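*Asks:* What follows is upload.txt; its format and atoms are compact mmCIF, C-alpha atoms and all ligand atoms.
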```
# COMPACT_ATOMS: atom_id res chain seq x y z
CA MET A 21 -16.20 1.13 32.42
CA SER A 22 -19.86 1.60 33.14
CA ILE A 23 -22.36 4.08 31.93
CA GLU A 24 -25.59 5.14 33.56
CA SER A 25 -28.29 3.04 31.95
CA SER A 26 -30.80 5.85 31.67
CA ILE A 27 -29.52 9.36 31.34
CA PRO A 28 -32.43 11.70 30.86
CA HIS A 29 -30.96 14.69 29.04
CA MET A 30 -28.20 13.00 27.12
CA SER A 31 -27.65 14.02 23.56
CA MET A 32 -25.25 11.13 23.02
CA ASP A 33 -25.48 7.64 24.52
CA LYS A 34 -22.75 5.08 24.98
CA GLU A 35 -23.71 3.16 21.84
CA SER A 36 -23.35 6.25 19.68
CA ILE A 37 -20.02 7.10 21.27
CA LEU A 38 -18.77 3.57 20.66
CA LYS A 39 -19.82 3.91 17.03
CA LEU A 40 -17.79 7.09 16.72
CA LEU A 41 -14.76 5.53 18.40
CA GLY A 42 -15.08 2.59 16.01
CA GLN A 43 -14.16 5.03 13.23
CA VAL A 44 -10.85 6.00 14.84
CA ARG A 45 -7.96 4.06 13.31
CA TYR A 46 -4.80 3.03 15.07
CA PRO A 47 -2.18 5.33 13.49
CA GLY A 48 -0.66 3.67 10.43
CA PHE A 49 -3.18 0.83 10.40
CA SER A 50 -6.55 0.18 8.85
CA ARG A 51 -7.83 -1.33 12.12
CA ASP A 52 -9.92 0.74 14.50
CA ILE A 53 -9.06 1.26 18.15
CA ILE A 54 -11.98 -0.80 19.46
CA SER A 55 -11.21 -3.93 17.48
CA PHE A 56 -7.57 -3.47 18.50
CA GLY A 57 -8.76 -3.85 22.08
CA LEU A 58 -7.44 -0.49 23.23
CA LEU A 59 -10.64 0.83 24.75
CA ARG A 60 -10.82 0.55 28.53
CA GLY A 61 -14.02 2.40 29.24
CA VAL A 62 -16.61 4.92 28.19
CA GLU A 63 -18.53 6.89 30.79
CA VAL A 64 -21.15 9.53 30.47
CA SER A 65 -21.99 11.52 33.60
CA PRO A 66 -25.59 12.53 34.30
CA GLU A 67 -24.59 16.02 33.16
CA GLY A 68 -23.46 14.60 29.83
CA LYS A 69 -19.70 14.79 30.42
CA VAL A 70 -17.99 12.10 28.34
CA THR A 71 -14.91 10.27 29.64
CA ILE A 72 -12.95 7.83 27.48
CA GLY A 73 -10.23 5.51 28.78
CA LEU A 74 -7.66 3.85 26.52
CA ALA A 75 -4.60 1.64 27.11
CA VAL A 76 -1.88 1.54 24.46
CA THR A 77 1.35 -0.43 24.28
CA THR A 78 3.90 1.52 22.29
CA ALA A 79 7.31 3.14 22.59
CA ASP A 80 6.34 5.85 20.13
CA SER A 81 5.00 8.92 21.89
CA ALA A 82 3.45 10.17 18.65
CA ILE A 83 0.87 7.34 18.83
CA PRO A 84 -1.00 8.46 21.99
CA ARG A 85 -0.83 12.08 20.80
CA LYS A 86 -2.38 11.18 17.46
CA LEU A 87 -5.01 8.97 19.11
CA TYR A 88 -5.92 11.80 21.48
CA ALA A 89 -6.28 14.27 18.63
CA ASP A 90 -8.31 11.88 16.47
CA ILE A 91 -10.68 10.94 19.29
CA GLU A 92 -11.14 14.55 20.33
CA ALA A 93 -11.83 15.57 16.74
CA ILE A 94 -14.42 12.89 16.10
CA LEU A 95 -16.24 13.53 19.39
CA GLN A 96 -16.23 17.28 18.95
CA GLY A 97 -17.43 16.81 15.40
CA ALA A 98 -20.46 15.04 16.89
CA GLY A 99 -21.10 17.93 19.26
CA ILE A 100 -19.49 16.49 22.39
CA GLN A 101 -17.71 19.37 24.10
CA ASN A 102 -14.53 18.94 26.18
CA PRO A 103 -14.45 15.16 26.36
CA GLU A 104 -12.03 13.78 28.91
CA ILE A 105 -9.65 11.34 27.22
CA ALA A 106 -7.27 9.32 29.40
CA ILE A 107 -4.66 7.26 27.58
CA THR A 108 -2.47 4.89 29.60
CA VAL A 109 0.73 4.17 27.73
CA THR A 110 2.81 1.06 28.40
CA VAL A 111 6.24 0.95 26.80
CA PRO A 112 7.17 -2.52 25.52
CA LYS A 113 9.83 -4.11 27.73
CA THR A 114 12.21 -4.93 24.91
CA ASN A 115 12.75 -3.84 21.37
CA PRO A 116 11.24 -0.40 21.60
CA SER A 117 12.12 0.29 17.98
CA SER A 118 9.53 -2.10 16.62
CA SER A 119 6.27 -0.56 17.74
CA PRO A 120 3.57 -0.83 15.07
CA SER A 121 4.10 2.72 13.89
CA THR A 122 7.75 2.11 13.13
CA SER A 123 7.36 -1.33 11.64
CA ALA A 124 7.46 0.05 8.11
CA PRO A 125 10.06 2.81 8.06
CA SER A 126 9.35 5.35 5.37
CA LYS A 127 12.51 4.63 3.35
CA LEU A 128 11.22 1.14 2.63
CA PRO A 129 8.66 0.63 -0.14
CA ALA A 130 5.01 0.66 0.89
CA ASP A 131 4.55 -3.08 0.37
CA ALA A 132 7.38 -3.94 2.79
CA GLY A 133 6.48 -4.87 6.33
CA VAL A 134 3.11 -5.54 7.89
CA GLY A 135 1.62 -2.07 7.34
CA LYS A 136 -0.77 -3.32 4.67
CA VAL A 137 -1.69 -6.54 6.43
CA LYS A 138 -5.29 -6.45 7.57
CA HIS A 139 -5.11 -9.01 10.36
CA ILE A 140 -2.14 -10.44 12.21
CA ILE A 141 -2.91 -13.55 14.21
CA ALA A 142 -0.57 -15.34 16.57
CA ILE A 143 -0.66 -19.11 16.79
CA ALA A 144 0.50 -19.92 20.29
CA SER A 145 0.89 -22.84 22.64
CA GLY A 146 1.94 -23.12 26.25
CA LYS A 147 4.51 -25.78 25.43
CA GLY A 148 6.20 -27.48 22.51
CA GLY A 149 5.10 -30.64 20.76
CA VAL A 150 1.36 -29.97 20.72
CA GLY A 151 1.34 -29.50 16.95
CA LYS A 152 1.38 -25.70 16.87
CA SER A 153 3.49 -25.46 13.71
CA THR A 154 1.50 -28.23 12.04
CA PHE A 155 -1.64 -26.31 12.90
CA ALA A 156 -0.24 -22.97 11.67
CA VAL A 157 0.84 -24.47 8.33
CA ASN A 158 -2.45 -26.26 7.71
CA LEU A 159 -4.51 -23.25 8.78
CA ALA A 160 -2.51 -21.00 6.44
CA CYS A 161 -3.05 -23.37 3.50
CA ALA A 162 -6.73 -23.81 4.33
CA LEU A 163 -7.18 -20.02 4.53
CA ALA A 164 -5.38 -19.55 1.20
CA ARG A 165 -7.60 -22.20 -0.41
CA ALA A 166 -10.77 -20.66 0.96
CA LEU A 167 -9.82 -17.22 -0.37
CA ASN A 168 -8.63 -18.71 -3.64
CA GLU A 169 -12.11 -20.14 -4.16
CA LYS A 170 -13.34 -16.54 -3.96
CA GLY A 171 -10.80 -15.53 -6.61
CA LEU A 172 -8.46 -13.89 -4.09
CA THR A 173 -4.79 -14.85 -4.29
CA GLY A 174 -1.64 -13.83 -2.45
CA ARG A 175 -3.59 -12.71 0.60
CA ILE A 176 -2.24 -15.10 3.26
CA GLY A 177 1.15 -14.98 4.96
CA LEU A 178 2.90 -17.17 7.48
CA MET A 179 5.71 -15.74 9.58
CA ASP A 180 7.63 -18.46 11.39
CA CYS A 181 8.85 -16.91 14.63
CA ASP A 182 9.53 -20.30 16.17
CA ILE A 183 13.17 -19.51 15.69
CA TYR A 184 14.46 -22.09 18.15
CA GLY A 185 13.16 -24.87 15.91
CA PRO A 186 11.80 -23.43 12.70
CA SER A 187 9.89 -26.32 11.16
CA VAL A 188 7.55 -24.35 8.92
CA PRO A 189 9.74 -24.46 5.75
CA LEU A 190 9.95 -28.25 5.90
CA MET A 191 6.25 -28.63 6.63
CA ILE A 192 5.13 -26.34 3.80
CA GLY A 193 7.73 -27.52 1.32
CA VAL A 194 9.97 -24.49 0.76
CA ASN A 195 13.73 -24.47 1.10
CA ALA A 196 15.16 -21.79 -1.20
CA ARG A 197 17.13 -18.84 0.12
CA PRO A 198 14.83 -15.77 0.05
CA GLU A 199 15.90 -13.05 -2.38
CA MET A 200 16.54 -9.44 -1.41
CA GLU A 201 15.46 -6.35 -3.31
CA GLY A 202 17.43 -3.53 -1.75
CA ASP A 203 16.62 -3.80 1.94
CA VAL A 204 13.47 -5.80 1.31
CA LEU A 205 13.36 -9.54 1.82
CA LEU A 206 11.00 -11.34 -0.56
CA PRO A 207 8.91 -14.07 1.08
CA LEU A 208 8.81 -17.48 -0.55
CA GLU A 209 5.44 -18.80 -1.62
CA ASN A 210 3.84 -22.23 -1.72
CA PHE A 211 0.20 -23.34 -1.84
CA GLY A 212 -0.79 -19.68 -2.07
CA VAL A 213 0.91 -18.79 1.24
CA LYS A 214 3.72 -16.23 1.55
CA ILE A 215 6.31 -17.61 3.92
CA MET A 216 9.23 -16.22 5.89
CA SER A 217 11.19 -18.21 8.42
CA MET A 218 14.54 -18.12 10.14
CA GLY A 219 14.87 -21.67 8.84
CA LEU A 220 15.23 -20.18 5.35
CA LEU A 221 17.98 -17.79 6.38
CA ILE A 222 20.33 -19.98 8.39
CA ASP A 223 21.92 -23.28 7.52
CA ALA A 224 20.05 -26.05 9.26
CA ASP A 225 23.09 -27.27 11.17
CA ALA A 226 24.87 -23.98 11.71
CA PRO A 227 25.77 -23.72 15.39
CA VAL A 228 23.92 -20.48 15.99
CA VAL A 229 23.24 -19.30 19.50
CA TRP A 230 20.24 -17.00 19.41
CA ARG A 231 20.27 -14.51 22.19
CA GLY A 232 17.22 -12.50 23.18
CA PRO A 233 18.14 -9.23 21.45
CA MET A 234 19.16 -11.04 18.28
CA ILE A 235 15.86 -12.85 18.19
CA MET A 236 13.95 -9.64 18.62
CA LYS A 237 16.00 -7.94 15.93
CA THR A 238 15.17 -10.75 13.54
CA ILE A 239 11.49 -10.66 14.35
CA SER A 240 11.40 -6.92 13.99
CA GLN A 241 12.99 -7.33 10.55
CA PHE A 242 10.39 -9.95 9.67
CA ALA A 243 7.78 -7.36 10.57
CA SER A 244 9.37 -4.42 8.76
CA ASN A 245 11.56 -5.65 5.89
CA VAL A 246 9.67 -8.60 4.43
CA ARG A 247 7.44 -7.81 1.48
CA TRP A 248 4.14 -9.08 2.90
CA GLY A 249 2.21 -6.69 0.69
CA GLU A 250 -1.56 -6.47 0.93
CA CYS A 251 -2.21 -9.63 2.92
CA ASP A 252 -5.61 -10.22 4.47
CA ILE A 253 -4.24 -12.47 7.18
CA LEU A 254 -0.70 -13.01 8.42
CA LEU A 255 -0.29 -15.94 10.80
CA ILE A 256 2.57 -15.77 13.27
CA ASP A 257 3.89 -19.13 14.46
CA LEU A 258 5.14 -18.11 17.90
CA PRO A 259 7.84 -19.99 19.76
CA PRO A 260 6.23 -22.39 22.26
CA GLY A 261 5.86 -21.11 25.79
CA THR A 262 4.84 -17.93 27.48
CA GLY A 263 8.06 -16.15 28.31
CA ASP A 264 9.48 -12.77 27.49
CA ALA A 265 10.30 -13.69 23.88
CA GLN A 266 6.66 -14.50 23.13
CA LEU A 267 5.45 -11.43 24.98
CA SER A 268 7.83 -9.17 23.09
CA ILE A 269 6.73 -10.56 19.75
CA ALA A 270 3.10 -10.12 20.73
CA GLN A 271 3.83 -6.52 21.69
CA SER A 272 6.00 -5.67 18.74
CA MET A 273 3.29 -6.31 16.17
CA ALA A 274 -0.26 -5.07 16.32
CA LEU A 275 -1.95 -8.45 16.63
CA SER A 276 -5.65 -8.78 15.83
CA GLY A 277 -5.89 -11.87 17.97
CA ALA A 278 -4.40 -15.18 18.98
CA VAL A 279 -5.36 -18.81 18.55
CA ILE A 280 -4.25 -21.12 21.35
CA VAL A 281 -3.30 -24.67 20.35
CA THR A 282 -3.52 -27.32 23.03
CA THR A 283 -3.79 -31.09 23.44
CA PRO A 284 -6.67 -32.70 25.35
CA GLN A 285 -4.60 -33.57 28.45
CA THR A 286 -5.66 -32.01 31.71
CA ALA A 287 -2.05 -31.02 32.36
CA ALA A 288 -2.10 -29.02 29.12
CA VAL A 289 -4.98 -26.90 30.38
CA SER A 290 -3.08 -24.86 32.96
CA VAL A 291 -0.17 -24.43 30.56
CA ALA A 292 -2.48 -23.17 27.82
CA LEU A 293 -4.19 -20.83 30.24
CA ARG A 294 -0.85 -19.29 31.19
CA GLY A 295 -0.29 -18.60 27.51
CA ALA A 296 -3.64 -16.93 27.22
CA ALA A 297 -2.95 -14.77 30.29
CA MET A 298 0.06 -13.39 28.45
CA PHE A 299 -2.16 -12.12 25.62
CA SER A 300 -4.67 -10.51 27.93
CA LYS A 301 -1.79 -8.64 29.59
CA VAL A 302 -1.18 -6.90 26.27
CA ASN A 303 -4.85 -6.56 25.28
CA ILE A 304 -4.82 -9.15 22.51
CA PRO A 305 -8.14 -10.98 22.10
CA ILE A 306 -8.18 -14.77 21.97
CA LEU A 307 -10.01 -15.79 18.79
CA GLY A 308 -10.42 -19.35 19.98
CA VAL A 309 -8.81 -22.58 21.08
CA ALA A 310 -7.82 -25.40 18.74
CA GLU A 311 -7.44 -28.85 20.25
CA ASN A 312 -4.94 -31.04 18.42
CA MET A 313 -4.35 -34.79 18.70
CA SER A 314 -7.88 -35.09 20.09
CA PHE A 315 -8.48 -38.75 19.25
CA LEU A 316 -7.45 -41.58 16.98
CA GLU A 317 -10.27 -42.91 14.85
CA SER A 318 -10.32 -46.50 13.59
CA ALA A 319 -11.74 -47.47 10.22
CA ASP A 320 -14.97 -48.58 11.96
CA GLY A 321 -15.40 -45.11 13.46
CA THR A 322 -14.49 -45.99 17.06
CA ARG A 323 -12.35 -43.38 18.75
CA GLN A 324 -9.50 -43.76 21.16
CA TYR A 325 -8.72 -40.76 23.31
CA LEU A 326 -5.00 -41.36 23.66
CA PHE A 327 -4.28 -38.04 25.36
CA GLY A 328 -7.44 -37.80 27.43
CA GLN A 329 -10.48 -35.78 26.60
CA GLY A 330 -11.93 -32.34 26.98
CA GLY A 331 -8.81 -30.19 27.48
CA GLY A 332 -9.56 -27.87 24.57
CA LEU A 333 -13.12 -27.24 25.70
CA LYS A 334 -11.94 -26.59 29.26
CA VAL A 335 -9.42 -24.01 28.06
CA ALA A 336 -11.98 -22.38 25.76
CA THR A 337 -14.57 -22.21 28.54
CA ALA A 338 -12.06 -20.78 31.00
CA LEU A 339 -11.14 -18.11 28.47
CA ASP A 340 -14.73 -17.41 27.58
CA THR A 341 -13.95 -18.17 23.97
CA GLU A 342 -14.79 -20.75 21.37
CA LEU A 343 -13.40 -24.25 20.84
CA LEU A 344 -12.59 -23.86 17.14
CA GLY A 345 -12.23 -27.56 16.44
CA GLU A 346 -10.75 -30.91 17.46
CA VAL A 347 -8.08 -32.17 15.09
CA PRO A 348 -7.71 -35.96 15.18
CA ILE A 349 -4.40 -37.78 15.38
CA ASP A 350 -3.77 -38.97 11.87
CA PRO A 351 -0.62 -40.33 10.25
CA ALA A 352 -1.56 -38.31 7.15
CA VAL A 353 -1.06 -35.12 9.19
CA ARG A 354 2.47 -36.12 10.21
CA GLN A 355 3.32 -37.37 6.72
CA GLY A 356 2.04 -34.12 5.25
CA GLY A 357 4.44 -32.24 7.50
CA ASP A 358 7.36 -34.53 6.79
CA HIS A 359 6.86 -34.36 3.02
CA GLY A 360 6.15 -30.65 2.81
CA ILE A 361 2.62 -31.09 1.48
CA PRO A 362 0.19 -30.23 4.29
CA VAL A 363 -2.73 -32.62 4.66
CA VAL A 364 -5.25 -29.92 3.69
CA ILE A 365 -3.53 -29.88 0.28
CA SER A 366 -2.61 -33.56 -0.15
CA HIS A 367 -5.83 -35.07 1.27
CA PRO A 368 -8.45 -32.32 1.47
CA ASP A 369 -11.18 -34.87 2.24
CA ASN A 370 -9.35 -36.43 5.15
CA ASN A 371 -11.07 -35.88 8.53
CA ALA A 372 -8.23 -33.84 10.01
CA ALA A 373 -8.10 -31.72 6.85
CA ARG A 374 -11.84 -31.05 7.16
CA VAL A 375 -11.34 -29.79 10.71
CA PHE A 376 -8.53 -27.45 9.58
CA LYS A 377 -10.81 -26.19 6.81
CA SER A 378 -13.70 -25.63 9.17
CA ILE A 379 -11.43 -23.72 11.57
CA ALA A 380 -10.20 -21.59 8.64
CA LEU A 381 -13.77 -20.68 7.74
CA THR A 382 -14.55 -19.79 11.37
CA VAL A 383 -11.46 -17.57 11.53
CA LEU A 384 -12.43 -15.82 8.28
CA HIS A 385 -15.93 -15.33 9.60
CA LYS A 386 -14.65 -13.90 12.88
CA LEU A 387 -12.47 -11.47 10.97
CA ASN A 388 -15.28 -10.53 8.60
CA GLN A 389 -13.40 -11.87 5.63
CA PRO A 390 -15.23 -13.53 2.69
CA THR A 391 -16.18 -17.16 3.39
P1 LIG A 401 4.95 -27.88 17.88
O1 LIG A 401 5.03 -26.83 16.82
O2 LIG A 401 3.82 -27.64 18.85
O3 LIG A 401 6.24 -28.17 18.58
P2 LIG A 401 4.73 -29.74 15.66
O4 LIG A 401 3.74 -29.06 14.80
O5 LIG A 401 6.18 -29.66 15.30
O6 LIG A 401 4.54 -29.26 17.18
O7 LIG A 401 4.25 -31.25 15.80
C1 LIG A 401 4.99 -32.21 16.52
C2 LIG A 401 4.90 -33.55 15.78
O8 LIG A 401 3.58 -34.06 15.87
C3 LIG A 401 5.24 -33.45 14.31
O9 LIG A 401 5.95 -34.57 13.93
C4 LIG A 401 3.86 -33.45 13.63
O10 LIG A 401 3.90 -34.01 12.33
C5 LIG A 401 3.05 -34.32 14.57
N1 LIG A 401 1.63 -33.99 14.60
C6 LIG A 401 1.10 -32.77 14.89
N2 LIG A 401 -0.26 -32.84 14.85
C7 LIG A 401 -0.58 -34.11 14.50
C8 LIG A 401 -1.82 -34.80 14.27
N3 LIG A 401 -3.01 -34.20 14.42
N4 LIG A 401 -1.76 -36.11 13.90
C9 LIG A 401 -0.56 -36.73 13.75
N5 LIG A 401 0.64 -36.15 13.96
C10 LIG A 401 0.63 -34.84 14.33
```
Translate the structure described by the file into structure tokens.
*Replies:*
Amino acid sequence: MSIESSIPHMSMDKESILKLLGQVRYPGFSRDIISFGLLRGVEVSPEGKVTIGLAVTTADSAIPRKLYADIEAILQGAGIQNPEIAITVTVPKTNPSSSPSTSAPSKLPADAGVGKVKHIIAIASGKGGVGKSTFAVNLACALARALNEKGLTGRIGLMDCDIYGPSVPLMIGVNARPEMEGDVLLPLENFGVKIMSMGLLIDADAPVVWRGPMIMKTISQFASNVRWGECDILLIDLPPGTGDAQLSIAQSMALSGAVIVTTPQTAAVSVALRGAAMFSKVNIPILGVAENMSFLESADGTRQYLFGQGGGLKVATALDTELLGEVPIDPAVRQGGDHGIPVVISHPDNNAARVFKSIALTVLHKLNQPT
């Protein structure tokens, strides 16, 4: 991991090597290997020998081979002879067919799948009921609005993977059956957000028992057969919890990062931290923590902390990341969800809506998108 701080006869220092590695793309993606979090270490010996360490999660053996060749080529192009490149490959536990490189099979049109999505972000929570779906829906709408103000449309997607209780369609006001074009499933759209959810594909009261492999098959189809097109950001509403299903989803798509949603309770802290540990296991950076149901504000401005105080900040501090915002408890938020018009759309000046908007701008900023 470390590099000698002063190497007298070095032609290339660590910074320059990192710059070069920042130009190497993950095969099939526009993202580079550093921002993907694959890099484990760069060392330069006093003699100038360069050693690069990488960790990749994929079932496709072509990926490490291509990475090796690309890294070797770029280093040799800069005059670094015989670099040592060590790539540790972890094969995803389930669903090996949905590694990033196979998420858009060639027989499908180029705009199917997540291949042209710039950033995929998971919205996760340690447990249910913290407002994760509410957060995902409002964040998606706030992101779409922010980009719309810059003249950019159709750039935000929301993939509802909370297949045990898909509430996204209701909350964002879509309920039509998605159309198919050949093998490609067309997402629905509302408030400038492209949406796909299991809730759109099954009848609400159909007695469906979703078993692990079926869930993963569905998710892998959401990642490969839905026409997401050239989205800037695709939010993934993960099922609550930190089990194998969540881990498999995280592994099956090349996530740019995750946002952890929590409530202020102290008990929520350890649960949220467990969730975050899952992402670090698969090298996915935490973009930040969003605290929901932080307080209830009266008309005179006094605040009641119904669920305690400080949980979000504690989680963020423990994860060495940012507290993105504290969303108040507000009946308008719940009503927005129940009526299918998220509060950021129905009452953009409401306090909770302002927090969602501010979080959206922070996320765009962190991803280097226009704000
Ligand atoms: P999860 O996805 O974590 O299970 P939901 O998003 O379904 O949670 O939210 C659970 C319930 O809490 C919903 O009825 C939702 O409308 C409500 N809710 C979520 N956040 C807030 C908030 N900030 N203020 C008021 N109600 C909220």
*Asks:* Counting all atoms listed in the file, figure out which residue out of A:Ala130, A:Val289, A:Ala319, A:Ala166 gets nearest to Ser145 (chain A).
*Replies:*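 Closest to Ser145 (chain A), using all atoms listed in the file: A:Val289.
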*Asks:* Give me the residues within 10 Å of Leu333 (chain A) as a list in words, counting only C-alpha atoms and dropping any in the same chain fewer than 4 places off.
*Replies:*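 What passes the distance filter is Thr282, Pro284, Val289, Val309, Ala310, Glu311, Gln329, Thr337, Ala338, Leu339, Thr341, Glu342, Leu343, Leu344, Gly345 and Glu346 of chain A.
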*Asks:* Just to confirm, what's the straight-line distance from CA of Leu316 (chain A) to CA of Gly261 (chain A) in Å (one decimal)?
*Replies:*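 If I compute the distance from CA of Leu316 (chain A) to CA of Gly261 (chain A), I get 26.0 Å.
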*Asks:* As a quick test: using only C-alpha atoms and all ligand atoms, which residues lie no more than 6 Å away from ligand LIG 401 (chain A)? Give them as a list in words.
*Replies:*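 Counting only what the definition allows, namely only C-alpha atoms and all ligand atoms, the set is Gly148, Gly149, Val150, Gly151, Lys152, Ser153, Thr154, Asn312, Met313, Val347, Pro348, Ile349, Asp350, Pro351, Val353, Arg354 and Gly357 of chain A.
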*Asks:* Got time to write the residues from that selection, C-alpha atoms, as a CSV table (one decimal), in the coordinates of the input?
*Replies:*
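So the final result, stored in result_23.csv, reads:
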```csv
chain,number,residue,atom,x,y,z
A,148,GLY,CA,6.2,-27.5,22.5
A,149,GLY,CA,5.1,-30.6,20.8
A,150,VAL,CA,1.4,-30.0,20.7
A,151,GLY,CA,1.3,-29.5,17.0
A,152,LYS,CA,1.4,-25.7,16.9
A,153,SER,CA,3.5,-25.5,13.7
A,154,THR,CA,1.5,-28.2,12.0
A,312,ASN,CA,-4.9,-31.0,18.4
A,313,MET,CA,-4.4,-34.8,18.7
A,347,VAL,CA,-8.1,-32.2,15.1
A,348,PRO,CA,-7.7,-36.0,15.2
A,349,ILE,CA,-4.4,-37.8,15.4
A,350,ASP,CA,-3.8,-39.0,11.9
A,351,PRO,CA,-0.6,-40.3,10.2
A,353,VAL,CA,-1.1,-35.1,9.2
A,354,ARG,CA,2.5,-36.1,10.2
A,357,GLY,CA,4.4,-32.2,7.5
```
*Asks:* In Å to one decimal, how far is CA of Gly219 (chain A) from CA of Thr78 (chain A)?
*Replies:*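 Taking CA of Thr78 (chain A) as the start and CA of Gly219 (chain A) as the end point, the length is 29.0 Å.
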*Asks:* Could you state the separation of CA of Glu209 (chain A) and CA of Val188 (chain A) in Å, given to one decimal place?
*Replies:*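 CA of Val188 (chain A) lies 12.1 Å from CA of Glu209 (chain A).
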*Asks:* Counting all atoms listed in the file, what is within 10 Å of Pro103 (chain A), bar same-chain residues fewer than 5 positions away, as a list in words?
*Replies:* Val64, Gly68, Lys69, Val70, Thr71, Ile72, Ile91, Glu92, Ala93, Leu95 and Gln96 of chain A
*Asks:* Can you write just those residues out, C-alpha atoms, as a PDB file, in the frame of the given file?
*Replies:*
```pdb
ATOM      1  CA  VAL A  64     -21.150   9.530  30.470  1.00  0.00           C
ATOM      2  CA  GLY A  68     -23.460  14.600  29.830  1.00  0.00           C
ATOM      3  CA  LYS A  69     -19.700  14.790  30.420  1.00  0.00           C
ATOM      4  CA  VAL A  70     -17.990  12.100  28.340  1.00  0.00           C
ATOM      5  CA  THR A  71     -14.910  10.270  29.640  1.00  0.00           C
ATOM      6  CA  ILE A  72     -12.950   7.830  27.480  1.00  0.00           C
ATOM      7  CA  ILE A  91     -10.680  10.940  19.290  1.00  0.00           C
ATOM      8  CA  GLU A  92     -11.140  14.550  20.330  1.00  0.00           C
ATOM      9  CA  ALA A  93     -11.830  15.570  16.740  1.00  0.00           C
ATOM     10  CA  LEU A  95     -16.240  13.530  19.390  1.00  0.00           C
ATOM     11  CA  GLN A  96     -16.230  17.280  18.950  1.00  0.00           C
TER      12      GLN A  96
END
```
*Asks:* Distance cut-off 12 Å, centre (7.5, -15.1, 23.8) in file coordinates, counting all atoms listed in the file: which residues qualify? Return them as JSON, numbers by chain.
*Replies:* {"A": [113, 114, 142, 143, 144, 145, 146, 147, 181, 182, 183, 184, 232, 235, 236, 239, 256, 257, 258, 259, 260, 261, 262, 263, 264, 265, 266, 267, 268, 269, 270, 271, 272, 294, 295, 296, 298, 299]}
*Asks:* Tell me, as a PyMOL selection string, which residues lie within 6 Å of Gly277 (chain A), counting all atoms listed in the file; anything in the same chain fewer than 2 positions away does not count.
*Replies:* chain A and resi 141+275+304-307
*Asks:* Counting all atoms listed in the file, which of A:Leu190, A:Ala156, A:Leu221, A:Leu206 gets nearest to Ile379 (chain A)?
*Replies:*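 Of the candidates, the smallest distance to Ile379 (chain A) is held by A:Ala156.
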*Asks:* Between A:Val109, A:Val204, A:Leu58, A:Ile94, which has the minimum distance to Gly133 (chain A) (counting all atoms listed in the file)?
*Replies:*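 Ranking A:Val109, A:Val204, A:Leu58, A:Ile94 by distance to Gly133 (chain A), first place goes to A:Val204.
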*Asks:* Quick one: of A:Leu293, A:Val194, A:Val383, A:Ser36, who's nearest to Ile100 (chain A), counting only C-alpha atoms?
*Replies:* A:Ser36
*Asks:* Select, counting only C-alpha atoms, all protein, DNA and RNA residues no farther than 10 Å from (-2.8, -10.7, 12.3) in file coordinates, and express the selection as a PDB file with C-alpha atoms, in the coordinates of the input.
*Replies:*
```pdb
ATOM      1  CA  VAL A 134       3.110  -5.540   7.890  1.00  0.00           C
ATOM      2  CA  VAL A 137      -1.690  -6.540   6.430  1.00  0.00           C
ATOM      3  CA  LYS A 138      -5.290  -6.450   7.570  1.00  0.00           C
ATOM      4  CA  HIS A 139      -5.110  -9.010  10.360  1.00  0.00           C
ATOM      5  CA  ILE A 140      -2.140 -10.440  12.210  1.00  0.00           C
ATOM      6  CA  ILE A 141      -2.910 -13.550  14.210  1.00  0.00           C
ATOM      7  CA  ALA A 142      -0.570 -15.340  16.570  1.00  0.00           C
ATOM      8  CA  ILE A 143      -0.660 -19.110  16.790  1.00  0.00           C
ATOM      9  CA  GLY A 177       1.150 -14.980   4.960  1.00  0.00           C
ATOM     10  CA  LEU A 178       2.900 -17.170   7.480  1.00  0.00           C
ATOM     11  CA  CYS A 251      -2.210  -9.630   2.920  1.00  0.00           C
ATOM     12  CA  ASP A 252      -5.610 -10.220   4.470  1.00  0.00           C
ATOM     13  CA  ILE A 253      -4.240 -12.470   7.180  1.00  0.00           C
ATOM     14  CA  LEU A 254      -0.700 -13.010   8.420  1.00  0.00           C
ATOM     15  CA  LEU A 255      -0.290 -15.940  10.800  1.00  0.00           C
ATOM     16  CA  ILE A 256       2.570 -15.770  13.270  1.00  0.00           C
ATOM     17  CA  MET A 273       3.290  -6.310  16.170  1.00  0.00           C
ATOM     18  CA  ALA A 274      -0.260  -5.070  16.320  1.00  0.00           C
ATOM     19  CA  LEU A 275      -1.950  -8.450  16.630  1.00  0.00           C
ATOM     20  CA  SER A 276      -5.650  -8.780  15.830  1.00  0.00           C
ATOM     21  CA  GLY A 277      -5.890 -11.870  17.970  1.00  0.00           C
ATOM     22  CA  ALA A 278      -4.400 -15.180  18.980  1.00  0.00           C
ATOM     23  CA  LEU A 387     -12.470 -11.470  10.970  1.00  0.00           C
TER      24      LEU A 387
END
```
*Asks:* Return the single residue from A:Val213, A:Ile222, A:Val279, A:Leu208 that is closest to Thr382 (chain A), with distances computed using all atoms listed in the file.
*Replies:*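 For Thr382 (chain A), the nearest of the given residues is A:Val279.
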*Asks:* Could you check which of A:Asn210, A:Ala98, A:Ala352, A:Thr77 is closest to Ala196 (chain A), using all atoms listed in the file?
*Replies:*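 Using all atoms listed in the file, Ala196 (chain A) sits closest to A:Asn210.
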